[in-house]
>>> print(open('query01.cif').read())   # mmCIF, C-alpha atoms
data_run
loop_
_atom_site.label_atom_id
_atom_site.label_comp_id
_atom_site.auth_asym_id
_atom_site.auth_seq_id
_atom_site.Cartn_x
_atom_site.Cartn_y
_atom_site.Cartn_z
CA MET A 283 70.19 -52.65 42.41
CA ALA A 284 69.31 -54.20 39.21
CA THR A 285 72.01 -55.00 36.71
CA ALA A 286 71.79 -55.43 32.99
CA GLY A 287 71.42 -59.20 33.33
CA ASP A 288 68.87 -59.10 36.10
CA SER A 289 65.60 -60.69 34.91
CA SER A 290 63.62 -59.52 37.92
CA ASN A 291 63.02 -56.06 36.38
CA PRO A 292 62.69 -56.57 32.65
CA ILE A 293 62.04 -53.64 30.21
CA THR A 294 58.68 -54.20 28.52
CA PRO A 295 58.92 -53.34 24.82
CA LYS A 296 56.20 -51.07 23.25
CA PRO A 297 53.74 -52.92 21.09
CA ALA A 298 54.42 -52.41 17.40
CA THR A 299 51.83 -50.23 15.61
CA LYS A 300 50.46 -51.51 12.39
CA LYS A 301 50.90 -49.18 9.44
CA ARG A 302 47.79 -48.60 7.41
CA LYS A 303 48.20 -50.00 3.99
CA PRO A 304 47.67 -47.42 1.24
CA ARG A 305 44.49 -47.91 -0.72
CA LYS A 306 45.18 -49.82 -3.81
CA PRO A 307 44.88 -47.74 -6.97
CA LYS A 308 42.54 -50.31 -8.42
CA LEU A 309 40.11 -49.90 -5.49
CA ALA A 310 40.10 -46.07 -5.76
CA ALA A 311 39.52 -46.29 -9.50
CA ALA A 312 36.69 -48.75 -8.97
CA THR A 313 35.03 -46.44 -6.40
CA ALA A 314 35.30 -43.45 -8.72
CA GLN A 315 33.90 -45.51 -11.56
CA HIS A 316 30.99 -46.56 -9.36
CA VAL A 317 30.21 -42.90 -8.48
CA ILE A 318 30.42 -41.91 -12.13
CA SER A 319 28.07 -44.75 -13.01
CA ILE A 320 25.54 -43.58 -10.40
CA LEU A 321 25.77 -39.97 -11.63
CA ASN A 322 25.38 -41.11 -15.21
CA THR A 323 22.33 -43.22 -14.40
CA ALA A 324 20.71 -40.44 -12.32
CA SER A 325 21.37 -37.67 -14.84
CA SER A 326 20.20 -39.85 -17.75
CA ALA A 327 17.00 -40.63 -15.87
CA ALA A 328 16.46 -36.93 -15.12
CA HIS A 329 17.11 -35.99 -18.76
CA THR A 330 14.71 -38.66 -19.95
CA PHE A 331 12.03 -37.56 -17.48
CA LEU A 332 12.46 -33.94 -18.54
CA SER A 333 12.33 -34.67 -22.27
CA GLN A 334 9.23 -36.86 -21.90
CA ASN A 335 7.31 -34.54 -19.58
CA ASP A 336 8.37 -30.97 -20.41
CA LEU A 337 4.99 -30.26 -21.99
CA TYR A 338 3.20 -31.21 -18.78
CA LEU A 339 5.50 -29.84 -16.11
CA LEU A 340 5.02 -26.25 -15.04
CA PRO A 341 7.72 -24.08 -16.63
CA SER A 342 8.99 -23.19 -13.15
CA GLN A 343 9.44 -26.93 -12.45
CA SER A 344 11.26 -27.72 -15.68
CA LEU A 345 13.48 -24.64 -15.37
CA GLN A 346 14.40 -25.62 -11.81
CA LEU A 347 15.23 -29.18 -12.85
CA GLU A 348 17.32 -27.91 -15.75
CA SER A 349 19.15 -25.57 -13.41
CA LEU A 350 20.01 -28.49 -11.10
CA LEU A 351 21.23 -30.60 -14.02
CA SER A 352 23.36 -27.77 -15.42
CA SER A 353 25.12 -27.48 -12.04
CA LEU A 354 26.53 -31.01 -12.46
CA PRO A 355 30.03 -31.40 -13.93
CA PRO A 356 30.33 -32.24 -17.64
CA PRO A 357 29.23 -34.43 -19.31
CA PHE A 358 26.29 -34.95 -16.92
CA SER A 359 25.14 -31.34 -17.29
CA GLN A 360 24.83 -31.67 -21.06
CA LEU A 361 21.15 -31.32 -21.94
CA PRO A 362 20.22 -33.21 -25.11
CA SER A 363 18.88 -31.22 -28.03
CA GLN A 364 15.17 -31.55 -28.77
CA PRO A 365 12.73 -30.43 -31.44
CA SER A 366 11.34 -26.93 -30.84
CA LEU A 367 9.23 -26.77 -27.69
CA PHE A 368 6.66 -24.58 -29.39
CA HIS A 369 5.92 -26.91 -32.29
CA ARG A 370 5.55 -29.89 -29.97
CA PHE A 371 3.48 -27.76 -27.59
CA ALA A 372 1.18 -26.37 -30.30
CA SER A 373 0.52 -29.90 -31.58
CA SER A 374 -0.35 -31.04 -28.06
CA ALA A 375 -2.36 -28.06 -26.76
CA THR A 376 -4.92 -27.67 -29.53
CA LEU A 377 -7.91 -26.54 -27.45
CA ASP A 378 -8.58 -22.85 -26.88
CA PHE A 379 -9.22 -23.32 -23.17
CA ASP A 380 -6.09 -25.44 -22.50
CA GLN A 381 -4.57 -23.69 -19.46
CA ARG A 382 -1.07 -24.73 -20.46
CA TRP A 383 -0.99 -21.79 -22.88
CA VAL A 384 -1.33 -19.40 -19.95
CA GLN A 385 1.14 -21.41 -17.86
CA PHE A 386 3.79 -21.39 -20.60
CA PHE A 387 3.27 -18.04 -22.34
CA SER A 388 0.97 -16.05 -20.00
CA VAL A 389 -1.60 -15.72 -22.78
CA SER A 390 -4.46 -17.94 -23.91
CA ARG A 391 -4.28 -19.80 -27.21
CA PRO A 392 -6.71 -17.46 -29.05
CA ASN A 393 -4.80 -14.38 -27.90
CA PHE A 394 -1.44 -15.92 -28.83
CA TYR A 395 -2.57 -16.41 -32.42
CA ARG A 396 -4.31 -13.03 -32.45
CA LEU A 397 -1.03 -11.44 -31.41
CA LEU A 398 0.91 -13.51 -33.93
CA SER A 399 -1.30 -12.32 -36.81
CA LEU A 400 -0.65 -8.69 -35.83
CA LEU A 401 3.11 -9.04 -35.43
CA SER A 402 4.03 -11.52 -38.18
CA PRO A 403 4.43 -8.93 -40.97
CA SER A 404 7.02 -7.05 -38.93
CA LEU A 405 8.78 -10.17 -37.63
CA VAL A 406 9.24 -11.49 -41.17
CA ILE A 407 11.14 -8.27 -41.96
CA PHE A 408 13.17 -8.14 -38.74
CA LEU A 409 14.23 -11.79 -38.56
CA PRO A 410 16.16 -14.24 -40.76
CA SER A 411 14.23 -17.07 -42.38
CA THR A 412 15.73 -19.51 -39.85
CA ILE A 413 13.56 -17.97 -37.11
CA PRO A 414 9.83 -18.31 -37.93
CA PRO A 415 7.53 -15.61 -36.45
CA GLU A 416 5.65 -18.14 -34.30
CA THR A 417 8.91 -19.41 -32.78
CA ALA A 418 10.12 -15.86 -32.16
CA LEU A 419 6.88 -14.85 -30.45
CA ALA A 420 6.67 -18.01 -28.35
CA SER A 421 10.29 -17.77 -27.22
CA ALA A 422 9.96 -14.06 -26.38
CA LEU A 423 6.77 -14.56 -24.36
CA TYR A 424 8.35 -17.53 -22.56
CA ARG A 425 11.37 -15.43 -21.56
CA LEU A 426 9.18 -12.49 -20.56
CA ALA A 427 6.83 -14.70 -18.53
CA HIS A 428 9.46 -16.77 -16.71
CA GLY A 429 12.71 -14.79 -16.85
CA ALA A 430 14.51 -17.65 -18.63
CA CYS A 431 18.03 -16.90 -19.88
CA TYR A 432 18.81 -16.76 -23.61
CA LYS A 433 20.79 -20.01 -23.50
CA THR A 434 17.79 -21.88 -22.10
CA VAL A 435 15.38 -20.19 -24.51
CA ALA A 436 17.59 -21.05 -27.49
CA ARG A 437 17.78 -24.73 -26.53
CA LYS A 438 14.06 -25.04 -25.77
CA PHE A 439 12.85 -23.35 -28.95
CA GLY A 440 15.35 -24.84 -31.39
CA LEU A 441 17.27 -21.61 -32.00
CA ASP A 442 20.90 -21.75 -33.13
CA SER A 443 22.41 -19.79 -30.25
CA SER A 444 21.86 -17.40 -27.37
CA GLU A 445 22.41 -14.58 -29.87
CA ALA A 446 19.54 -15.88 -32.01
CA ALA A 447 17.27 -16.01 -28.92
CA CYS A 448 18.29 -12.43 -28.07
CA LEU A 449 17.54 -11.27 -31.63
CA ALA A 450 14.11 -12.94 -31.51
CA PHE A 451 13.31 -11.33 -28.15
CA TYR A 452 14.15 -7.76 -29.14
CA SER A 453 12.52 -8.16 -32.57
CA VAL A 454 9.27 -9.08 -30.81
CA CYS A 455 9.79 -6.17 -28.42
CA LYS A 456 10.13 -3.71 -31.30
CA ALA A 457 7.18 -5.21 -33.18
CA VAL A 458 4.91 -5.00 -30.11
CA ASN A 459 5.83 -1.39 -29.37
CA ASP A 460 5.52 -0.32 -33.02
CA LYS A 461 2.32 -2.15 -33.86
CA LEU A 462 0.40 -1.98 -30.59
CA GLY A 463 1.55 1.34 -29.15
CA ASP A 464 -1.83 2.85 -30.00
CA LEU A 465 -3.26 0.81 -27.12
CA PHE A 466 -2.16 3.73 -24.94
CA GLU A 467 -5.54 5.37 -25.54
CA PHE A 468 -5.39 8.61 -23.54
CA ARG A 469 -5.61 10.99 -26.47
CA ARG A 470 -8.50 9.30 -28.26
CA ASP A 471 -10.65 7.60 -25.65
CA LEU A 472 -11.31 10.25 -22.99
CA GLU A 473 -15.07 9.76 -22.98
CA ARG A 474 -14.75 6.09 -21.94
CA ILE A 475 -12.09 7.00 -19.36
CA VAL A 476 -14.24 9.70 -17.75
CA VAL A 477 -17.25 7.37 -17.53
CA GLY A 478 -15.10 4.72 -15.83
CA PHE A 479 -13.91 7.10 -13.11
CA GLY A 480 -17.48 8.33 -12.65
CA TRP A 481 -18.39 4.83 -11.49
CA ILE A 482 -15.88 5.16 -8.63
CA SER A 483 -17.20 8.63 -7.62
CA LEU A 484 -14.54 10.76 -9.32
CA PRO A 485 -16.50 12.95 -11.74
CA ASN A 486 -14.66 14.24 -14.83
CA CYS A 487 -11.46 12.42 -13.81
CA CYS A 488 -9.26 11.37 -16.73
CA GLY A 489 -6.69 9.16 -15.03
CA ALA A 490 -4.43 8.43 -12.07
CA LEU A 491 -0.75 9.37 -12.36
CA GLY A 492 2.06 7.72 -10.41
CA PHE A 493 5.40 5.94 -10.61
CA GLY A 494 6.57 2.33 -10.73
CA ARG A 495 10.04 1.06 -9.90
CA PHE A 496 11.99 -1.63 -11.77
CA GLY A 497 15.22 -2.92 -10.24
CA VAL A 498 18.64 -2.73 -11.91
CA ASP A 499 21.75 -4.74 -10.99
CA GLY A 500 25.07 -2.96 -10.61
CA GLU A 501 26.18 0.41 -9.36
CA ILE A 502 25.25 2.66 -12.27
CA PHE A 503 22.25 4.06 -10.35
CA GLY A 504 23.82 3.52 -6.94
CA ARG A 505 23.04 0.88 -4.38
CA ASN A 506 19.51 -0.49 -4.78
CA GLY A 507 19.22 1.59 -7.93
CA SER A 508 16.28 1.27 -10.24
CA ILE A 509 14.47 2.70 -13.23
CA LEU A 510 11.40 4.84 -12.63
CA VAL A 511 8.40 4.65 -14.91
CA GLN A 512 5.74 7.36 -14.88
CA ALA A 513 2.33 5.96 -15.79
CA LEU A 514 -1.19 7.25 -16.24
CA VAL A 515 -3.85 4.56 -15.79
CA ASP A 516 -7.62 4.39 -16.13
CA SER A 517 -10.20 2.96 -13.70
CA GLU A 518 -9.78 -0.54 -15.18
CA GLY A 519 -6.00 -0.59 -14.80
CA ARG A 520 -5.13 0.09 -18.44
CA PHE A 521 -2.04 2.17 -19.13
CA LEU A 522 -2.99 5.40 -20.90
CA ASP A 523 0.46 6.98 -21.05
CA ILE A 524 3.95 5.68 -20.19
CA SER A 525 7.31 7.40 -19.79
CA ALA A 526 10.04 4.86 -18.95
CA GLY A 527 13.78 4.90 -18.39
CA TRP A 528 14.33 7.53 -15.69
CA PRO A 529 17.04 6.88 -13.06
CA SER A 530 15.72 6.61 -9.51
CA SER A 531 18.16 9.32 -8.44
CA MET A 532 16.08 11.96 -10.29
CA GLU A 533 13.43 13.93 -8.45
CA PRO A 534 9.94 12.90 -9.59
CA VAL A 535 8.93 16.48 -10.39
CA ALA A 536 11.99 16.84 -12.66
CA ILE A 537 10.95 13.70 -14.52
CA PHE A 538 7.34 14.84 -14.75
CA ARG A 539 8.22 18.16 -16.38
CA GLN A 540 10.14 16.41 -19.16
CA THR A 541 7.42 13.92 -20.10
CA ARG A 542 5.26 14.04 -23.18
CA LEU A 543 2.15 14.09 -20.98
CA TYR A 544 3.14 17.26 -19.13
CA LEU A 545 4.42 19.02 -22.23
CA GLY A 546 1.33 18.01 -24.20
CA VAL A 547 -1.13 19.39 -21.63
CA GLU A 548 0.84 22.53 -20.83
CA ASP A 549 1.47 23.47 -24.45
CA SER A 550 -1.54 25.54 -25.47
CA ARG A 551 -0.81 24.82 -29.13
CA GLU A 552 -1.36 21.08 -28.53
CA SER A 553 -4.71 19.46 -29.32
CA GLU A 554 -7.49 19.95 -26.78
CA LEU A 555 -6.00 17.50 -24.31
CA LEU A 556 -7.82 17.76 -20.94
CA LYS A 557 -9.73 20.75 -22.28
CA GLY A 558 -13.02 18.91 -22.77
CA PRO A 559 -16.42 19.66 -21.18
CA THR A 560 -16.58 20.77 -17.56
CA TYR A 561 -18.69 18.85 -15.04
CA ARG A 562 -21.35 20.59 -12.95
CA LEU A 563 -21.25 19.42 -9.34
CA SER A 564 -24.32 19.11 -7.12
CA ASP A 565 -23.59 22.45 -5.43
CA GLY A 566 -23.49 24.26 -8.76
CA CYS A 567 -19.69 24.50 -9.09
CA SER A 568 -18.13 23.31 -12.33
CA ILE A 569 -14.83 21.48 -12.54
CA PRO A 570 -12.71 20.87 -15.66
CA GLN A 571 -11.21 17.58 -16.72
CA TYR A 572 -8.35 16.58 -14.43
CA VAL A 573 -5.96 13.82 -13.42
CA MET A 574 -5.33 12.51 -9.90
CA GLY A 575 -1.62 12.76 -9.13
CA ASP A 576 0.70 11.49 -6.42
CA SER A 577 2.03 13.84 -3.73
CA CYS A 578 5.38 14.02 -5.54
CA PHE A 579 3.72 16.11 -8.27
CA PRO A 580 2.83 19.80 -8.11
CA LEU A 581 -0.82 20.80 -7.68
CA LEU A 582 -2.02 22.14 -11.05
CA PRO A 583 -5.42 23.03 -12.53
CA TRP A 584 -5.41 19.68 -14.33
CA LEU A 585 -3.43 17.63 -11.77
CA LEU A 586 -4.96 17.23 -8.32
CA THR A 587 -2.67 16.03 -5.54
CA PRO A 588 -3.67 15.04 -1.96
CA TYR A 589 -4.00 17.48 0.92
CA SER A 590 -0.86 17.50 3.05
CA GLU A 591 -0.56 17.59 6.82
CA GLN A 592 0.10 21.33 6.60
CA ASP A 593 -3.32 21.93 5.03
CA SER A 594 -6.30 22.66 7.27
CA PHE A 595 -8.03 19.29 7.64
CA GLY A 596 -11.77 18.75 7.85
CA SER A 597 -14.20 16.12 6.67
CA ALA A 598 -14.04 17.37 3.07
CA GLU A 599 -10.24 17.11 2.94
CA ARG A 600 -10.35 13.63 4.45
CA GLU A 601 -12.94 12.45 1.92
CA PHE A 602 -10.82 13.80 -0.91
CA ASN A 603 -7.70 12.04 0.35
CA VAL A 604 -9.59 8.76 0.68
CA ALA A 605 -10.78 9.04 -2.93
CA HIS A 606 -7.28 10.09 -3.99
CA SER A 607 -5.77 7.03 -2.28
CA ARG A 608 -8.20 4.76 -4.17
CA ALA A 609 -7.04 6.32 -7.42
CA MET A 610 -3.35 5.80 -6.58
CA GLU A 611 -4.04 2.14 -5.85
CA LEU A 612 -5.04 1.77 -9.50
CA VAL A 613 -1.48 2.68 -10.51
CA SER A 614 0.07 0.31 -7.97
CA THR A 615 -2.22 -2.53 -9.01
CA ALA A 616 -1.50 -2.04 -12.72
CA PHE A 617 2.27 -2.21 -12.21
CA GLY A 618 1.86 -5.15 -9.84
CA ARG A 619 -0.11 -7.11 -12.42
CA VAL A 620 2.47 -6.41 -15.11
CA LYS A 621 5.18 -7.84 -12.86
CA ALA A 622 3.01 -10.79 -11.87
CA ARG A 623 2.34 -11.75 -15.50
CA TRP A 624 5.84 -10.96 -16.80
CA GLN A 625 8.29 -12.32 -14.22
CA LEU A 626 11.28 -10.96 -16.14
CA LEU A 627 10.18 -7.46 -15.09
CA ALA A 628 9.91 -8.49 -11.44
CA ARG A 629 13.64 -9.27 -11.36
CA SER A 630 16.61 -6.92 -11.37
CA TRP A 631 17.80 -6.17 -14.88
CA LYS A 632 21.42 -6.76 -15.85
CA GLU A 633 23.39 -3.55 -16.13
CA ASP A 634 25.20 -4.50 -19.35
CA SER A 635 21.99 -4.24 -21.41
CA LEU A 636 20.41 -1.38 -19.50
CA GLU A 637 19.66 0.71 -22.59
CA PHE A 638 17.09 -1.89 -23.73
CA PHE A 639 15.27 -2.16 -20.41
CA PRO A 640 12.81 0.76 -20.89
CA PHE A 641 11.62 -0.77 -24.18
CA VAL A 642 11.03 -4.13 -22.48
CA ILE A 643 9.03 -2.42 -19.71
CA VAL A 644 6.91 -0.62 -22.29
CA MET A 645 6.36 -3.94 -24.12
CA GLY A 646 5.11 -5.49 -20.87
CA CYS A 647 2.65 -2.62 -20.38
CA VAL A 648 1.45 -2.70 -24.00
CA LEU A 649 0.80 -6.45 -23.77
CA HIS A 650 -1.02 -5.84 -20.48
CA ASN A 651 -3.40 -3.48 -22.32
CA PHE A 652 -3.74 -5.89 -25.24
CA LEU A 653 -4.78 -8.74 -22.95
CA ILE A 654 -7.28 -6.56 -21.06
CA LYS A 655 -8.80 -5.54 -24.40
CA TRP A 656 -9.29 -9.17 -25.43
CA GLY A 657 -10.67 -10.37 -22.11
CA GLU A 658 -7.66 -12.23 -20.70
CA PRO A 659 -8.10 -12.79 -16.93
CA LEU A 660 -5.90 -10.51 -14.86
CA PRO A 661 -3.26 -12.07 -12.58
CA GLU A 662 -2.99 -11.21 -8.91
CA GLU A 663 -0.62 -8.29 -8.56
CA SER A 664 2.86 -8.88 -7.14
CA VAL A 665 4.35 -6.86 -4.29
CA GLY A 666 6.28 -3.71 -5.13
CA GLY A 667 4.57 -2.61 -8.33
CA CYS A 668 4.34 1.07 -7.49
CA LEU A 669 6.43 3.20 -5.21
CA LYS A 670 4.86 3.98 -1.88
CA GLU A 671 4.41 7.65 -1.19
CA GLU A 672 6.99 7.69 1.60
CA GLU A 673 9.62 6.53 -0.90
CA LEU A 674 9.00 9.54 -3.16
CA LEU A 675 10.10 13.08 -2.58
CA VAL A 676 6.97 15.04 -1.78
CA PHE A 677 6.65 18.21 -3.83
CA GLU A 678 7.28 21.12 -1.50
CA GLY A 679 6.58 24.06 -3.79
CA GLU A 680 3.48 26.25 -3.82
CA GLY A 681 0.35 24.74 -5.32
CA ASP A 682 -1.44 26.48 -8.17
CA GLU A 683 -4.32 28.66 -6.87
CA THR A 684 -6.71 27.50 -9.56
CA GLY A 685 -5.78 23.92 -8.74
CA GLN A 686 -6.53 24.58 -5.07
CA THR A 687 -9.96 25.96 -5.92
CA ILE A 688 -10.82 22.96 -8.10
CA ARG A 689 -9.57 20.52 -5.46
CA ASP A 690 -11.58 22.26 -2.72
CA ALA A 691 -14.75 22.13 -4.85
CA LEU A 692 -14.27 18.42 -5.55
CA ALA A 693 -13.53 17.77 -1.85
CA GLN A 694 -16.80 19.45 -0.83
CA HIS A 695 -18.67 17.41 -3.45
CA LEU A 696 -17.19 14.14 -2.18
CA SER A 697 -17.96 15.10 1.43
CA LEU A 698 -21.61 15.87 0.63
CA ALA A 699 -21.94 12.65 -1.37
CA SER A 700 -20.53 10.70 1.58
CA MET A 701 -23.03 12.24 4.02
CA ARG A 702 -25.95 11.27 1.77
CA LYS A 703 -25.00 7.58 1.88
#
>>> encode(input="query01.cif", output="structure tokens")
Amino acid sequence: MATAGDSSNPITPKPATKKRKPRKPKLAAATAQHVISILNTASSAAHTFLSQNDLYLLPSQSLQLESLLSSLPPPFSQLPSQPSLFHRFASSATLDFDQRWVQFFSVSRPNFYRLLSLLSPSLVIFLPSTIPPETALASALYRLAHGACYKTVARKFGLDSSEAACLAFYSVCKAVNDKLGDLFEFRRDLERIVVGFGWISLPNCCGALGFGRFGVDGEIFGRNGSILVQALVDSEGRFLDISAGWPSSMEPVAIFRQTRLYLGVEDSRESELLKGPTYRLSDGCSIPQYVMGDSCFPLLPWLLTPYSEQDSFGSAEREFNVAHSRAMELVSTAFGRVKARWQLLARSWKEDSLEFFPFVIVMGCVLHNFLIKWGEPLPEESVGGCLKEEELLVFEGEGDETGQTIRDALAQHLSLASMRK
């Protein structure tokens, strides 16, 4: 038995553990200072690169770089002020065919100045002297084309504040809609419209009528809510008539019956709208002027909708529906091209300024017509321009008998024409 003084069974002491020394404050401060120095060098280099190359970067590239810089903590996120982008740009891009005009403003140089000459008288009235018309137009087109926020637009175009950029944008919007609204040519250019549809085998047709959808953030229109826009287009994709601002919760037929187009045609006291010459078909039948309309609309003597599955289907009905589908694609393509050119309209609109959205949509469509008129190349359409038929409530009421007769006559004509090919 071991005793306390017995050395044959000693108690081995545990090795002492070394305590980690706390990092010296000077070392931590030096590390932080080193990180700050790296951030400062990197952000300064990025700012310098951006300021020296913003006229040659694609707007999407410069906006993305600015977004990354603004996500840094102050003061690294502070973007230095610069002279107005437009004045530097206009001095650099002096040739009419310089593609940077299209990249920055979605219009060519000649059409920018053509538009400026038309809008300047109004912009001088709407805006303070601190915002020149050319700066207002350039900043508005830049926002419309790229969806840039007012803060970014103000800094890029030398405007005093986001409020000044907002004022410039809506002043241009009002000027475009006031001065160029006559580019919706339905009431005064029917002869050209009818000839255009004749080239795609739709005799005496005066337009294709459908809906487009534009997204809205928030819950005011419910989840995935949007604004509906009824549009009549011609065979070249021009907008002939627009009715914007309808909530997506409304039935299409209820919207249709409140529009100026419907009321104008149905009111017998109105001018001779869609009451022009009839067209004699090859079988001797005559058909009046008409519009091709989506299945959400009622069949009327002047509005021809597709045959439904409940209708007796033969070759004539199929040929009509094929032609009808081609006409509806014109509406979808027109809206798609508007969204492709004006990226602001391809994004969901903020709910807090919802009352202005219909006017911005109309501005986009008016400018679309303006650029077609002056030969601007059309962009490839984006996805989701026009509502697909399955997303619309199909009209389930009785079709007009006269409308049925006219549709049947046109269907027979299209079927015979197809057999002769």
>>> closest_residue(input="query01.cif", among="A:Ser319, A:Ser342, A:Ser353, A:Ser443", to="Thr412 (chain A)", atoms="all atoms listed in the file")
A:Ser443
>>> residues_around(input="query01.cif", residues="Ser411 (chain A)", least_positions_apart="5", cutoff="12 Å", atoms="only C-alpha atoms", output="PyMOL selection string")
chain A and resi 405-406+416-418+441+446+450
>>> resolve_selection(input="query01.cif", expression="the PyMOL selection byres ((chain A and resi 636-643) around 9)", output="ChimeraX atom specification")
/A:426,452,455-456,459,496,498,509,511,525-528,620,627,631-635,644-648
>>> closest_residue(input="query01.cif", among="A:Leu347, A:Ala447, A:Ile413, A:Val477", to="Phe331 (chain A)", atoms="all atoms listed in the file")
A:Leu347
>>> closest_atom_pairs(input="query01.cif", of="region 504-580 of chain A", to="region 683-686 of chain A", cutoff="12 Å", atoms="all atoms listed in the file", output="CSV")
residue,atom,partner,partner_atom,distance
A:Ile569,CA,A:Gly685,CA,10.1
A:Pro570,CA,A:Gly685,CA,10.3
A:Gln571,CA,A:Gly685,CA,11.5
A:Tyr572,CA,A:Gly685,CA,9.6
A:Val573,CA,A:Gly685,CA,11.1
A:Met574,CA,A:Gly685,CA,11.5
A:Gly575,CA,A:Gly685,CA,11.9
A:Pro580,CA,A:Gly685,CA,9.6
>>> write_last_selection(input="query01.cif", atoms="C-alpha atoms", output="compact mmCIF listing (two decimals), keeping the file's coordinate frame")
# COMPACT_ATOMS: atom_id res chain seq x y z
CA ILE A 569 -14.83 21.48 -12.54
CA PRO A 570 -12.71 20.87 -15.66
CA GLN A 571 -11.21 17.58 -16.72
CA TYR A 572 -8.35 16.58 -14.43
CA VAL A 573 -5.96 13.82 -13.42
CA MET A 574 -5.33 12.51 -9.90
CA GLY A 575 -1.62 12.76 -9.13
CA PRO A 580 2.83 19.80 -8.11
>>> closest_residue(input="query01.cif", among="A:Pro365, A:Pro559, A:Gly497, A:Pro341", to="Pro485 (chain A)", atoms="only C-alpha atoms")
A:Pro559
>>> atom_distance(input="query01.cif", atom1="CA of Gln343 (chain A)", atom2="CA of Cys448 (chain A)")
23.1 Å
>>> resolve_selection(input="query01.cif", expression="the PyMOL selection byres ((chain A and resi 382) around 10)", output="mmCIF file with C-alpha atoms, keeping the file's coordinate frame")
data_model
loop_
_atom_site.group_PDB
_atom_site.id
_atom_site.type_symbol
_atom_site.label_atom_id
_atom_site.label_comp_id
_atom_site.auth_asym_id
_atom_site.auth_seq_id
_atom_site.Cartn_x
_atom_site.Cartn_y
_atom_site.Cartn_z
ATOM 1 C CA LEU A 337 4.990 -30.260 -21.990
ATOM 2 C CA TYR A 338 3.200 -31.210 -18.780
ATOM 3 C CA LEU A 339 5.500 -29.840 -16.110
ATOM 4 C CA LEU A 340 5.020 -26.250 -15.040
ATOM 5 C CA PRO A 341 7.720 -24.080 -16.630
ATOM 6 C CA PHE A 371 3.480 -27.760 -27.590
ATOM 7 C CA SER A 374 -0.350 -31.040 -28.060
ATOM 8 C CA ALA A 375 -2.360 -28.060 -26.760
ATOM 9 C CA LEU A 377 -7.910 -26.540 -27.450
ATOM 10 C CA PHE A 379 -9.220 -23.320 -23.170
ATOM 11 C CA ASP A 380 -6.090 -25.440 -22.500
ATOM 12 C CA GLN A 381 -4.570 -23.690 -19.460
ATOM 13 C CA TRP A 383 -0.990 -21.790 -22.880
ATOM 14 C CA VAL A 384 -1.330 -19.400 -19.950
ATOM 15 C CA GLN A 385 1.140 -21.410 -17.860
ATOM 16 C CA PHE A 386 3.790 -21.390 -20.600
ATOM 17 C CA PHE A 387 3.270 -18.040 -22.340
ATOM 18 C CA SER A 388 0.970 -16.050 -20.000
ATOM 19 C CA VAL A 389 -1.600 -15.720 -22.780
ATOM 20 C CA SER A 390 -4.460 -17.940 -23.910
ATOM 21 C CA ARG A 391 -4.280 -19.800 -27.210
#
>>> atom_distance(input="query01.cif", atom1="CA of Lys557 (chain A)", atom2="CA of Arg474 (chain A)")
15.5 Å
>>> atom_distance(input="query01.cif", atom1="CA of Asn603 (chain A)", atom2="CA of Ser577 (chain A)")
10.7 Å
>>> residues_around(input="query01.cif", residues="Asp516 (chain A)", least_positions_apart="4", cutoff="10 Å", atoms="all atoms listed in the file", output="list of chain:residue names")
A:Glu467, A:Phe468, A:Leu472, A:Arg474, A:Ile475, A:Val476, A:Gly478, A:Phe479, A:Cys487, A:Cys488, A:Gly489, A:Ala490, A:Leu491, A:Arg520, A:Phe521, A:Leu522, A:Asp523, A:Val573, A:Ala609, A:Leu612, A:Val613, A:Ala616
>>> residues_near_point(input="query01.cif", point="(-13.6, 21.7, -1.2)", cutoff="10 Å", atoms="all atoms listed in the file", output="ChimeraX atom specification")
/A:596-599,601-602,686-697
>>> residues_around(input="query01.cif", residues="Glu533 (chain A)", least_positions_apart="5", cutoff="10 Å", atoms="only C-alpha atoms", output="PDB file with C-alpha atoms, in the frame of the given file")
ATOM      1  CA  TRP A 528      14.330   7.530 -15.690  1.00  0.00           C
ATOM      2  CA  PHE A 538       7.340  14.840 -14.750  1.00  0.00           C
ATOM      3  CA  CYS A 578       5.380  14.020  -5.540  1.00  0.00           C
ATOM      4  CA  PHE A 579       3.720  16.110  -8.270  1.00  0.00           C
ATOM      5  CA  LEU A 674       9.000   9.540  -3.160  1.00  0.00           C
ATOM      6  CA  LEU A 675      10.100  13.080  -2.580  1.00  0.00           C
ATOM      7  CA  VAL A 676       6.970  15.040  -1.780  1.00  0.00           C
ATOM      8  CA  PHE A 677       6.650  18.210  -3.830  1.00  0.00           C
TER       9      PHE A 677
END
>>> resolve_selection(input="query01.cif", expression="the PyMOL selection byres ((chain A and resi 436) around 10)", output="PyMOL selection string")
chain A and resi 366+421+430-435+437-448+450
>>> residues_around(input="query01.cif", residues="Arg619 (chain A)", least_positions_apart="2", cutoff="6 Å", atoms="all atoms listed in the file", output="PyMOL selection string")
chain A and resi 616-617+621-622+661+663
>>> decode(input="query01.cif", residues="region 650-661 of chain A", atoms="C-alpha atoms", output="JSON list (two decimals), in the first residue's frame")
[["chain", "number", "residue", "atom", "x", "y", "z"],
["A", 650, "HIS", "CA", -42.79, 52.99, -81.11],
["A", 651, "ASN", "CA", -44.99, 54.46, -83.86],
["A", 652, "PHE", "CA", -42.73, 57.49, -84.25],
["A", 653, "LEU", "CA", -39.66, 55.30, -84.79],
["A", 654, "ILE", "CA", -41.47, 53.06, -87.30],
["A", 655, "LYS", "CA", -42.52, 56.17, -89.22],
["A", 656, "TRP", "CA", -38.92, 57.38, -89.45],
["A", 657, "GLY", "CA", -37.40, 54.04, -90.39],
["A", 658, "GLU", "CA", -35.78, 53.03, -87.09],
["A", 659, "PRO", "CA", -34.96, 49.28, -87.11],
["A", 660, "LEU", "CA", -37.34, 47.28, -84.95],
["A", 661, "PRO", "CA", -35.93, 45.35, -81.97]]
